[in-house]
Amino acid sequence: MATRRRKLFHRIKINPPQFFALGFLVLIALGTFLLMLPMATADRHHLSFIDALFEATSAVCVTGLVVVDTQTTFTLFGQIVLLCLIQIGGLGFMTLTVFIALLLRRNISFEERHLVKESLNQNSYEGIVRMVRFVLLFTVICEVIGTIILGIHWGDELGYLKSFYYGLFHSISAFNNAGFDIMGEFSSMTAFVGDPIVNLTLTSLLILGGIGFIVVADILQKKKGKRLMLHTKVVLWMSAILVAIGTILIFLLEYGNPATIGNLPWNDKLLASYFHGVVPRTAGFNSLNTADLTLGSQLVTMALMFIGGGTGGTAGGIKVTTFSILLFAVWALIKGKQEVNIRNRRIPGDLVFRAFSITTYSVLLVSLFVFLLAITEKGAALNYIAFEVLSAFGTVGMTLGLTPELSEPGKMLLSLLMFMGRVGPITIAFALAFRIKKTAVRNPEERIIIG
């Protein structure tokens with residue numbers, strides 16, 4: 001059986017980037033079909049194809065942008081479909097495929113190990129199956145703890161059966177950086193702006209899911225005398241810096257804004273600023289009405305959405321490691337150095353090249369979709385369009401209120417962008433890696449004047 005699968009794999013000649021893209025498309029198609037069933041919606045009238053496609057794409061790509069209110073539109077069946085799509089999309093279908101194979105006591109083929117290696121951004125095949133077990137165990141533990149905390153906290157208000165379901169839904173949504181909520185009326189977490197338990201539980205889940213499983217595994221498996229990987233240090237430091245900068249800037253920019261935190265007590269101001277400093281890193285919850293944010297806060301939020309979270313986790317964006325390499329590369333250029341060094345470690349030239357390529361691709365992609373939506377969404381302000389586009393690309397899910405008002409062409413465009421934002425940067429990174437390794441002949445070198 002394994003030999004047959006291997007022959008089929010080679011006959012089709014499908015590479016990992018193509019396989020990931022195809023897998024996401026199949027999940028989106030399945031989700032669209034299920035969400036269009038009458039039993040998925042509260043009024044028993046099926047969603048239109050475009051609305052169902054948008055919702056399924058948002059769930060699979062763990063974005064959180066919605067064109068209909070999740071709580072009032074979907075039945076329990078519909079909400080469970082969304083949860084399954086979020087969980088599979090967040091962890092990666094190959095991770096779950098390997099786990100099911102392990103449960104069935106089936107041998108894991110080399111091709112499957114290779115695909116998991118690429119999807120989890122591992123450097124070698126060693127310990128791939130062990131890594132899959134760790135990812136799933138860590139995910140379950142985090143989501144169960146979040147469910148218990150939120151279920152108990154909301155118990156008196158909602159009743160414990162409902163509160164634990166709410167806790168489960170929002171824990172899965174938070175850990176996978178999806179941002180879907182079932183609070184109703186597109187309100188997200190605005191009712192809990194001053195609630196430390198809700199705010200800290202959700203942000204903790206967001207951070208743990210968003211920094212990347214590689215980082216978490218490196219920290220938990222660290223033995224005495226063993227140093228953390230450079231990757232782990234870069235992700236932790238840059239994530240902490242971005243959260244701190246985001247929190248401080250939101251606090252200062254919104255301090256006198258009565259529509260957001262201006263009238264809140266001092267502690268709630270800090271809590272709301274911290275929450276908003278964390279969630280743009282690819283999780284679409286919001287405790288403040290984003291449409292009421294000052295223009296400065298909107299720009300800060302857009303920048304954080306573009307950067308995103310850690311590699312190999314549930315976050316989107318260009319990733320903090322890519323952003324870090326760019327910063328150090330620019331610094332090296334300013335200092336007149338030929339090599340990029342981080343913490344006394346030299347970064348390979350192909351990684352620097354990939355970082356610039358991914359960023360360039362992302363900037364061009366975002367610019368193109370801003371232009372296209374400016375055409376389809378006539379009358380919408382440019383900042384609203386740019387915010388929506390960056391939210392879709394970074395798989396964040398935050399909105400200034402434009403998403404539910406999108407035209408059908410606009411919904412199709414954002415659906416495509418969510419897919420490209422989730423798959424695109426990974427695909428181009430892998431494709432570049434394969435091409436670089438296969439290059440045998442080098443062209444003559446000649447300089448171009450830039451700057």
# chains A, B, ... in the order shown; residues from 1 in each chain; ligands from 1

call {"tool": "closest_atom_pairs", "arguments": {"of": "region 322-413 of chain A", "to": "region 299-303 of chain A", "cutoff": "9 Å", "atoms": "only C-alpha atoms", "output": "tab-separated table"}}
result
residue	atom	partner	partner_atom	distance
A:Asn383	CA	A:Leu299	CA	8.6
A:Ala386	CA	A:Met302	CA	8.1
A:Phe387	CA	A:Met302	CA	6.1
A:Leu390	CA	A:Met302	CA	6.3
A:Ser391	CA	A:Met302	CA	7.5

call {"tool": "residues_around", "arguments": {"residues": "region 83-91 of chain A", "least_positions_apart": "3", "cutoff": "6 Å", "atoms": "only C-alpha atoms", "output": "NGL selection string"}}
result
:A and (59-62 or 80 or 176 or 314)

call {"tool": "select_by_dssp", "arguments": {"residues": "region 217-418 of chain A", "states": "alpha helix (DSSP H)", "output": "PyMOL selection string"}}
result
chain A and resi 217-220+230-254+266-278+295-307+320-334+349-376+382-393+408-418

call {"tool": "residues_around", "arguments": {"residues": "Pro38 (chain A)", "least_positions_apart": "5", "cutoff": "12 Å", "atoms": "only C-alpha atoms", "output": "PDB file with C-alpha atoms, in the first residue's frame"}}
result
ATOM      1  CA  PHE A  33     -21.136  22.688   0.804  1.00  0.00           C
ATOM      2  CA  ASP A  43     -33.834  30.178   9.430  1.00  0.00           C
ATOM      3  CA  ARG A  44     -33.408  26.887   7.509  1.00  0.00           C
ATOM      4  CA  HIS A  45     -32.719  28.850   4.325  1.00  0.00           C
ATOM      5  CA  HIS A  46     -29.323  28.025   2.918  1.00  0.00           C
ATOM      6  CA  LEU A  47     -26.655  30.674   2.527  1.00  0.00           C
ATOM      7  CA  SER A  48     -25.850  31.915  -0.930  1.00  0.00           C
ATOM      8  CA  ALA A  52     -20.915  30.220   2.266  1.00  0.00           C
ATOM      9  CA  THR A  73     -27.105  32.975  11.488  1.00  0.00           C
ATOM     10  CA  PHE A  74     -25.819  29.461  12.174  1.00  0.00           C
ATOM     11  CA  THR A  75     -27.370  26.571  14.054  1.00  0.00           C
ATOM     12  CA  PHE A  77     -24.526  22.207  13.372  1.00  0.00           C
ATOM     13  CA  GLY A  78     -23.292  25.205  11.390  1.00  0.00           C
TER      14      GLY A  78
END

call {"tool": "residues_around", "arguments": {"residues": "Gly308 (chain A)", "least_positions_apart": "2", "cutoff": "8 Å", "atoms": "only C-alpha atoms", "output": "PyMOL selection string"}}
result
chain A and resi 280-282+304-306+310+315-320+394
